[in-house]
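Novice: Here you go, query-v6.cif (mmCIF, C-alpha atoms and all ligand atoms):
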data_start
loop_
_atom_site.label_atom_id
_atom_site.label_comp_id
_atom_site.auth_asym_id
_atom_site.auth_seq_id
_atom_site.Cartn_x
_atom_site.Cartn_y
_atom_site.Cartn_z
CA MET I 1 19.17 -47.25 73.04
CA VAL I 2 21.65 -48.70 70.60
CA LEU I 3 21.21 -47.27 67.16
CA GLY I 4 22.31 -49.19 64.13
CA GLY I 5 24.58 -52.07 64.95
CA GLY I 6 23.90 -54.56 62.22
CA GLY I 7 23.99 -58.32 62.51
CA PRO I 8 25.00 -60.80 59.84
CA SER I 9 21.67 -60.42 58.03
CA SER I 10 22.05 -56.67 57.47
CA GLY I 11 24.35 -56.82 54.46
CA ARG I 12 25.01 -53.93 52.14
CA GLY I 13 22.35 -55.16 49.71
CA ARG I 14 19.73 -54.99 52.40
CA LEU I 15 20.91 -51.58 53.48
CA LYS I 16 20.61 -50.32 49.92
CA ASP I 17 17.09 -51.71 49.65
CA ARG I 18 16.17 -49.92 52.85
CA LEU I 19 17.80 -46.54 52.17
CA ILE I 20 17.85 -45.85 48.42
CA GLY I 21 14.74 -44.18 47.01
CA GLN I 22 13.75 -42.83 50.43
CA PRO I 23 13.25 -39.13 51.28
CA CYS I 24 16.68 -37.55 51.83
CA ALA I 25 17.48 -37.05 55.52
CA TYR I 26 19.12 -33.68 54.91
CA CYS I 27 16.71 -31.74 52.67
CA ALA I 28 13.38 -32.83 54.18
CA GLY I 29 12.89 -35.23 51.33
CA ALA I 30 12.90 -32.45 48.72
CA ARG I 31 14.94 -35.01 46.76
CA VAL I 32 14.95 -38.78 46.99
CA SER I 33 18.04 -40.58 48.20
CA THR I 34 20.38 -42.02 45.61
CA THR I 35 23.23 -42.60 48.08
CA ILE I 36 23.83 -44.06 51.53
CA ASP I 37 25.36 -41.50 53.83
CA HIS I 38 27.45 -42.50 56.85
CA MET I 39 27.58 -40.14 59.79
CA PRO I 40 30.30 -39.84 60.86
CA ALA I 41 31.82 -40.56 57.48
CA LYS I 42 34.11 -43.56 57.01
CA VAL I 43 37.08 -41.23 56.50
CA VAL I 44 36.87 -40.14 60.15
CA PHE I 45 37.84 -43.66 61.30
CA LEU I 46 41.37 -45.09 61.28
CA GLY I 47 41.90 -46.98 58.04
CA LYS I 48 38.25 -46.20 57.20
CA HIS I 49 37.33 -49.20 59.40
CA ARG I 50 33.83 -48.21 60.39
CA PRO I 51 31.28 -50.60 61.90
CA ARG I 52 27.77 -50.47 60.50
CA GLY I 53 25.12 -48.19 61.96
CA LEU I 54 24.10 -44.55 61.62
CA GLU I 55 23.55 -44.82 57.87
CA PHE I 56 21.12 -42.43 56.26
CA PRO I 57 19.28 -41.94 52.98
CA SER I 58 20.84 -38.98 51.16
CA CYS I 59 20.45 -37.30 47.81
CA GLU I 60 23.66 -36.73 45.90
CA GLU I 61 23.61 -32.94 46.42
CA CYS I 62 23.41 -33.17 50.22
CA ASN I 63 25.95 -35.99 50.37
CA LYS I 64 28.48 -34.11 48.25
CA ALA I 65 27.91 -30.81 50.05
CA THR I 66 29.56 -32.00 53.23
CA SER I 67 32.35 -34.23 51.90
CA ASN I 68 35.04 -31.53 52.32
CA ALA I 69 33.84 -30.86 55.86
CA GLU I 70 34.04 -34.57 56.68
CA LEU I 71 37.54 -34.86 55.26
CA PHE I 72 38.64 -31.86 57.30
CA ALA I 73 36.97 -33.23 60.44
CA ALA I 74 39.00 -36.41 59.88
CA VAL I 75 42.20 -34.31 59.90
CA MET I 76 41.16 -32.21 62.90
CA THR I 77 40.40 -35.22 65.08
CA ARG I 78 43.23 -37.59 64.17
CA GLU I 79 45.57 -38.68 66.94
CA PRO I 80 48.07 -40.84 65.07
CA ALA I 81 49.89 -43.42 67.18
CA THR I 82 51.76 -45.51 64.61
CA PRO I 83 53.78 -44.70 61.46
CA GLU I 84 50.83 -46.02 59.42
CA ASP I 85 48.50 -43.58 61.17
CA VAL I 86 50.89 -40.72 60.43
CA GLU I 87 51.03 -41.70 56.77
CA GLU I 88 47.24 -41.85 56.62
CA LEU I 89 46.98 -38.40 58.21
CA ARG I 90 49.49 -37.01 55.74
CA LYS I 91 47.30 -38.24 52.86
CA LEU I 92 44.18 -36.79 54.43
CA MET I 93 45.91 -33.43 54.84
CA GLN I 94 46.97 -33.50 51.21
CA GLY I 95 43.35 -34.24 50.34
CA VAL I 96 42.25 -31.11 52.20
CA ARG I 97 44.93 -29.02 50.45
CA ASP I 98 43.73 -30.30 47.07
CA THR I 99 40.06 -29.59 47.70
CA VAL I 100 39.98 -26.47 49.89
CA PRO I 101 42.84 -24.05 49.15
CA GLY I 102 43.89 -22.05 52.18
CA LEU I 103 42.27 -24.24 54.82
CA MET I 104 45.38 -26.05 56.08
CA GLU I 105 47.34 -22.81 55.90
CA GLU I 106 44.75 -21.12 58.09
CA LEU I 107 45.08 -23.89 60.68
CA PHE I 108 48.82 -23.33 60.94
CA ALA I 109 48.92 -19.55 60.65
CA TYR I 110 48.44 -17.08 63.49
CA PRO I 111 46.94 -13.71 62.75
CA PRO I 112 49.62 -11.34 64.06
CA TRP I 113 47.03 -9.11 65.76
CA LEU I 114 46.35 -11.91 68.26
CA GLY I 115 49.70 -11.20 69.88
CA PRO I 116 52.25 -13.76 71.01
CA ILE I 117 51.50 -17.40 70.20
CA PRO I 118 50.69 -19.31 73.41
CA VAL I 119 53.42 -21.92 73.14
CA ALA I 120 54.27 -24.07 76.14
CA LEU I 121 57.96 -24.66 76.70
CA GLY I 122 59.22 -27.56 74.60
CA GLN I 123 55.87 -27.93 72.80
CA PRO I 124 55.01 -27.21 69.19
CA PRO I 125 52.60 -24.32 68.77
CA PRO I 126 48.89 -25.09 68.95
CA LEU I 127 46.57 -25.07 65.96
CA TYR I 128 44.64 -21.88 65.29
CA VAL I 129 41.01 -22.95 64.94
CA ALA I 130 39.08 -19.68 64.99
CA GLY I 131 39.70 -18.77 61.36
CA PRO I 132 36.73 -18.51 58.99
CA LEU I 133 37.54 -21.56 56.85
CA VAL I 134 38.11 -23.89 59.81
CA HIS I 135 34.95 -22.66 61.51
CA HIS I 136 32.90 -22.97 58.32
CA HIS I 137 33.83 -26.60 57.78
CA MET I 138 33.48 -27.71 61.40
CA ARG I 139 30.17 -25.90 61.79
CA LEU I 140 28.84 -27.65 58.70
CA PHE I 141 30.01 -30.99 60.10
CA ALA I 142 28.18 -30.31 63.39
CA ALA I 143 24.99 -29.21 61.61
CA LYS I 144 24.97 -32.36 59.51
CA PHE I 145 24.97 -34.41 62.70
CA GLY I 146 21.79 -32.64 63.75
CA PHE I 147 19.91 -33.81 60.65
CA ALA I 148 21.42 -37.30 60.82
CA MET I 149 20.67 -37.82 64.51
CA HIS I 150 17.13 -36.51 64.04
CA HIS I 151 16.60 -39.24 61.47
CA ALA I 152 18.24 -41.83 63.72
CA LEU I 153 16.06 -40.92 66.70
CA THR I 154 12.73 -40.39 64.93
CA GLY I 155 13.04 -42.64 61.88
CA VAL I 156 12.10 -39.83 59.49
CA PRO I 157 13.85 -36.80 57.96
CA LEU I 158 13.53 -33.47 59.74
CA SER I 159 10.52 -31.76 58.16
CA ALA I 160 10.67 -28.59 56.06
CA MET I 161 9.59 -26.46 59.06
CA GLY I 162 12.30 -27.98 61.21
CA GLY I 163 15.71 -26.65 62.15
CA VAL I 164 19.06 -27.72 63.48
CA LEU I 165 21.49 -26.02 65.79
CA GLY I 166 25.01 -27.38 65.59
CA ARG I 167 27.98 -26.39 67.72
CA TRP I 168 31.48 -27.68 67.96
CA PHE I 169 33.90 -27.57 70.86
CA THR I 170 37.66 -27.91 70.82
CA GLU I 171 37.56 -30.28 73.78
CA PRO I 172 36.06 -33.75 74.19
CA ASP I 173 33.99 -32.56 77.15
CA GLY I 174 33.15 -29.08 75.84
CA ALA I 175 29.40 -29.70 75.84
CA HIS I 176 29.54 -31.18 79.35
CA ARG I 177 31.34 -28.14 80.67
CA GLU I 178 29.13 -25.59 78.99
CA LEU I 179 25.76 -27.33 79.31
CA PRO I 180 25.90 -29.39 82.50
CA ASN I 181 22.11 -29.38 82.97
CA THR I 182 21.38 -30.54 79.42
CA MET I 183 23.94 -33.30 79.85
CA LYS I 184 22.05 -34.65 82.88
CA LEU I 185 19.14 -35.50 80.56
CA MET I 186 21.29 -37.51 78.17
CA GLY I 187 21.39 -41.27 77.95
CA LEU I 188 24.60 -43.21 78.47
CA PRO I 189 27.33 -42.84 75.84
CA THR I 190 27.12 -45.40 73.08
CA THR I 191 29.13 -46.10 69.93
CA LEU I 192 29.12 -48.10 66.74
CA ALA I 193 29.83 -51.79 67.07
CA GLN I 194 30.12 -54.86 64.94
CA GLY I 195 30.08 -57.96 67.08
CA VAL I 196 32.53 -57.36 69.90
CA LYS I 197 34.50 -54.78 67.91
CA THR I 198 33.64 -51.23 68.79
CA VAL I 199 35.09 -47.84 67.92
CA ARG I 200 34.44 -46.39 71.36
CA ASP I 201 37.93 -44.89 71.51
CA GLN I 202 37.21 -42.96 68.29
CA PHE I 203 33.54 -42.07 68.46
CA GLU I 204 30.88 -41.87 71.16
CA TYR I 205 27.49 -40.23 71.34
CA GLN I 206 24.72 -39.53 73.82
CA THR I 207 21.18 -38.54 72.98
CA TYR I 208 18.06 -37.08 74.49
CA SER I 209 14.62 -36.82 72.88
CA SER I 210 11.51 -35.09 74.15
CA LYS I 211 8.51 -37.43 74.63
CA THR I 212 6.88 -36.25 71.42
CA LEU I 213 10.19 -36.38 69.48
CA GLU I 214 9.77 -32.69 68.63
CA LEU I 215 13.12 -31.87 70.17
CA ASN I 216 16.17 -34.08 69.86
CA CYS I 217 19.59 -33.45 71.25
CA SER I 218 22.87 -35.28 70.69
CA VAL I 219 26.37 -34.85 71.98
CA ILE I 220 29.10 -36.44 69.94
CA ARG I 221 32.71 -36.95 70.93
CA ILE I 222 35.42 -37.77 68.42
CA ARG I 223 38.56 -39.13 70.04
CA LYS I 224 40.05 -36.79 72.62
CA SER I 225 39.87 -33.97 70.07
CA ILE I 226 36.47 -32.42 69.69
CA SER I 227 32.87 -32.66 70.75
CA LEU I 228 29.74 -31.56 68.94
CA LEU I 229 26.32 -30.55 70.12
CA ALA I 230 23.45 -31.06 67.70
CA VAL I 231 19.88 -30.05 68.48
CA SER I 232 16.98 -30.59 66.10
CA ALA I 233 13.43 -29.32 66.42
CA THR I 234 10.42 -30.04 64.21
CA ASP I 235 9.56 -26.32 64.46
CA ARG I 236 12.76 -24.29 64.05
CA ARG I 237 11.25 -21.25 65.78
CA SER I 238 11.58 -23.15 69.05
CA LEU I 239 15.37 -23.02 68.61
CA PHE I 240 15.55 -19.22 68.47
CA LYS I 241 15.89 -18.93 72.23
CA VAL I 242 18.48 -21.72 72.51
CA ASN I 243 21.85 -20.08 73.07
CA ASN I 244 20.31 -16.78 71.86
CA ASN I 245 20.81 -18.05 68.31
CA LYS I 246 24.52 -17.31 68.52
CA TRP I 247 25.36 -20.06 66.06
CA GLY I 248 22.61 -19.84 63.47
CA ILE I 249 19.83 -22.29 62.67
CA TRP I 250 20.00 -24.67 59.74
CA ALA I 251 16.87 -25.49 57.79
CA PRO I 252 16.60 -28.67 55.71
CA GLY I 253 18.52 -28.17 52.47
CA ASP I 254 20.89 -25.56 53.94
CA LEU I 255 23.85 -27.97 53.92
CA VAL I 256 24.07 -27.54 50.15
CA ALA I 257 24.51 -23.76 50.44
CA GLY I 258 26.86 -24.28 53.41
CA ILE I 259 25.29 -21.55 55.55
CA PRO I 260 22.34 -21.60 57.97
CA SER I 261 19.07 -19.97 56.82
CA VAL I 262 18.68 -18.22 60.15
CA THR I 263 21.95 -16.37 60.50
CA PRO I 264 23.52 -15.91 63.92
CA THR I 265 22.62 -12.88 66.01
CA GLY I 266 24.35 -11.32 69.00
CA GLY I 267 27.92 -11.62 67.82
CA GLY I 268 28.02 -15.36 67.28
CA GLY I 269 31.18 -16.84 65.92
CA PHE I 270 33.77 -18.69 67.88
CA PRO I 271 34.36 -17.98 71.57
CA ALA I 272 37.68 -16.20 72.10
CA GLN I 273 38.85 -18.74 74.68
CA GLN I 274 38.60 -21.51 72.08
CA ARG I 275 40.85 -19.96 69.47
CA PHE I 276 43.50 -22.62 69.80
CA MET I 277 43.62 -26.36 69.87
CA GLY I 278 46.51 -28.65 70.27
CA PRO I 279 49.45 -28.63 70.61
CA ALA I 280 49.91 -29.85 67.10
CA ALA I 281 52.38 -32.57 68.07
CA SER I 282 50.32 -35.10 66.18
CA VAL I 283 50.36 -33.27 62.87
CA PRO I 284 53.42 -34.36 60.89
CA ASP I 285 54.12 -31.84 58.16
CA ARG I 286 54.06 -28.32 59.42
ZN ZN L 301 19.13 -33.99 50.16
#
Let me see the file written as structure tokens.
Ligand SMILES: [Zn+2]
Specialist:
Amino acid sequence: MVLGGGGPSSGRGRLKDRLIGQPCAYCAGARVSTTIDHMPAKVVFLGKHRPRGLEFPSCEECNKATSNAELFAAVMTREPATPEDVEELRKLMQGVRDTVPGLMEELFAYPPWLGPIPVALGQPPPLYVAGPLVHHHMRLFAAKFGFAMHHALTGVPLSAMGGVLGRWFTEPDGAHRELPNTMKLMGLPTTLAQGVKTVRDQFEYQTYSSKTLELNCSVIRIRKSISLLAVSATDRRSLFKVNNNKWGIWAPGDLVAGIPSVTPTGGGGFPAQQRFMGPAASVPDR
């Protein structure tokens, strides 16, 4: 299934007509949408060149709640190839510094109790991604995908009883490695496209839905940097047994508070083996 797309007749005016005044995709329609939300956000794409598709009705509160997370995800996943790309990344990083104090510092700082930094000879040190601020923002980004993809796959917002489980991996094939059986159920990877132009090298996703659309699962890959797993269920109790609730379960509206209603049990947090990402060769101003 190709979601979105958008031919010549689907102009912005039409999109507005279709999405504004609808139940918000992220808070179970507790508020009506006053904005069009793009998932992933435009800022994630080089030069903000994003084909149409995967647009969602969003209230202002839910839309705003994740904008810092989206900006940070743009930084985390950038792989600049040209001087223009480097300049764009530098601006994005400054944007993160201006909006979330301490976040960039956390990415570049190693807690001394972790021991020697695992630096390969001749390589810059990797990024430290297991800090609380990094994890908070990336987890929020992954959870948002769960609500968005539920809307994309079912055509309606996740209901008030529903829940989302969102995970992020510091590798493009993290979900494939950890959940090989789930991945066998998934459809072929697809992307956003406008005519013959696609962003397949920047963004790809695969989905699976149960017959009754009560359970929906998506795996998202952003460049060669990260992958996300987003599972939504119309009854969030059915998610309790998934991954032993190590990552928490998000109810509609939780994005605004920035934490899942059902908090993680059994340790949770970030797996020790995924503490680092990189090397940070692509990040210009260390
Ligand atoms: Zn909302």
Novice: Just checking: using all atoms listed in the file, which residue out of I:Glu88, I:Asp254, I:Glu55, I:Glu79 ends up closest to ligand ZN 301 (chain L)?
Specialist: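 Using all atoms listed in the file, the shortest distance to ligand ZN 301 (chain L) belongs to I:Asp254.
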Novice: So how many Å separate atom CA of I:Phe203 and atom CA of I:Ala69, to one decimal?
Specialist: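 Interatomic distance, atom CA of I:Phe203 to atom CA of I:Ala69: 16.9 Å.
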Novice: Go through stretch 218-246 of chain I and flag each residue having an atom no more than 9 Å from stretch 172-181 of chain I; for those, report the closest pair of atoms plus their distance in Å to one decimal, using all atoms listed in the file, ordered by chain and rising number, as a Markdown table.
Specialist:
| residue | atom | partner | partner_atom | distance |
| --- | --- | --- | --- | --- |
| I:Val219 | CA | I:Ala175 | CA | 7.1 |
| I:Ile220 | CA | I:Pro172 | CA | 8.6 |
| I:Arg221 | CA | I:Pro172 | CA | 5.7 |
| I:Ile222 | CA | I:Pro172 | CA | 7.1 |
| I:Arg223 | CA | I:Pro172 | CA | 7.2 |
| I:Lys224 | CA | I:Pro172 | CA | 5.3 |
| I:Ser225 | CA | I:Pro172 | CA | 5.6 |
| I:Ile226 | CA | I:Pro172 | CA | 4.7 |
| I:Ser227 | CA | I:Pro172 | CA | 4.8 |
| I:Leu228 | CA | I:Ala175 | CA | 7.2 |
| I:Leu229 | CA | I:Ala175 | CA | 6.6 |
Novice: Counting all atoms listed in the file, give me one row per residue of chain I with an atom at most 8 Å from an atom of ligand ZN 301 (chain L), showing the shortest contact pair and its distance in Å to one decimal, sorted by chain then residue number, as a Markdown table.
Specialist:
| residue | atom | partner | partner_atom | distance |
| --- | --- | --- | --- | --- |
| I:Pro23 | CA | L:ZN301 | ZN | 7.9 |
| I:Cys24 | CA | L:ZN301 | ZN | 4.6 |
| I:Ala25 | CA | L:ZN301 | ZN | 6.4 |
| I:Tyr26 | CA | L:ZN301 | ZN | 4.8 |
| I:Cys27 | CA | L:ZN301 | ZN | 4.1 |
| I:Ala28 | CA | L:ZN301 | ZN | 7.1 |
| I:Gly29 | CA | L:ZN301 | ZN | 6.5 |
| I:Ala30 | CA | L:ZN301 | ZN | 6.6 |
| I:Arg31 | CA | L:ZN301 | ZN | 5.5 |
| I:Val32 | CA | L:ZN301 | ZN | 7.1 |
| I:Ser33 | CA | L:ZN301 | ZN | 7.0 |
| I:Ser58 | CA | L:ZN301 | ZN | 5.4 |
| I:Cys59 | CA | L:ZN301 | ZN | 4.3 |
| I:Glu60 | CA | L:ZN301 | ZN | 6.8 |
| I:Glu61 | CA | L:ZN301 | ZN | 5.9 |
| I:Cys62 | CA | L:ZN301 | ZN | 4.4 |
| I:Asn63 | CA | L:ZN301 | ZN | 7.1 |
| I:Gly253 | CA | L:ZN301 | ZN | 6.3 |
Novice: Write a file of the selected residues as a PDB file, keeping the file's coordinate frame, keeping C-alpha atoms.
Specialist:
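Just written: result_30.pdb:
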ATOM      1  CA  PRO I  23      13.250 -39.130  51.280  1.00  0.00           C
ATOM      2  CA  CYS I  24      16.680 -37.550  51.830  1.00  0.00           C
ATOM      3  CA  ALA I  25      17.480 -37.050  55.520  1.00  0.00           C
ATOM      4  CA  TYR I  26      19.120 -33.680  54.910  1.00  0.00           C
ATOM      5  CA  CYS I  27      16.710 -31.740  52.670  1.00  0.00           C
ATOM      6  CA  ALA I  28      13.380 -32.830  54.180  1.00  0.00           C
ATOM      7  CA  GLY I  29      12.890 -35.230  51.330  1.00  0.00           C
ATOM      8  CA  ALA I  30      12.900 -32.450  48.720  1.00  0.00           C
ATOM      9  CA  ARG I  31      14.940 -35.010  46.760  1.00  0.00           C
ATOM     10  CA  VAL I  32      14.950 -38.780  46.990  1.00  0.00           C
ATOM     11  CA  SER I  33      18.040 -40.580  48.200  1.00  0.00           C
ATOM     12  CA  SER I  58      20.840 -38.980  51.160  1.00  0.00           C
ATOM     13  CA  CYS I  59      20.450 -37.300  47.810  1.00  0.00           C
ATOM     14  CA  GLU I  60      23.660 -36.730  45.900  1.00  0.00           C
ATOM     15  CA  GLU I  61      23.610 -32.940  46.420  1.00  0.00           C
ATOM     16  CA  CYS I  62      23.410 -33.170  50.220  1.00  0.00           C
ATOM     17  CA  ASN I  63      25.950 -35.990  50.370  1.00  0.00           C
ATOM     18  CA  GLY I 253      18.520 -28.170  52.470  1.00  0.00           C
TER      19      GLY I 253
END
Novice: Pick the closest to I:Leu133 from I:Met186, I:Ala230, I:Val100, I:Met93: which is it, counting all atoms listed in the file?
Specialist: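 Smallest separation from I:Leu133 among the options: I:Val100.
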Novice: Using all atoms listed in the file, which protein or nucleic acid residues come within 10 Å of I:Trp250? Drop anything in the same chain fewer than 2 positions from it, and give the result as a ChimeraX atom specification.
Specialist: /I:140,143-144,146-147,162-166,232,236,247-248,252-255,258-263
Novice: One number please: atom CA of I:Ala257 to atom CA of I:Ala65, in Å, one decimal.
Specialist: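 These atoms are spaced 7.8 Å apart.
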Novice: Hey, can you check how far atom CA of I:Lys64 sits from atom CA of I:Phe169?
Specialist: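 According to the coordinates, atom CA of I:Lys64 and atom CA of I:Phe169 are separated by 24.2 Å.
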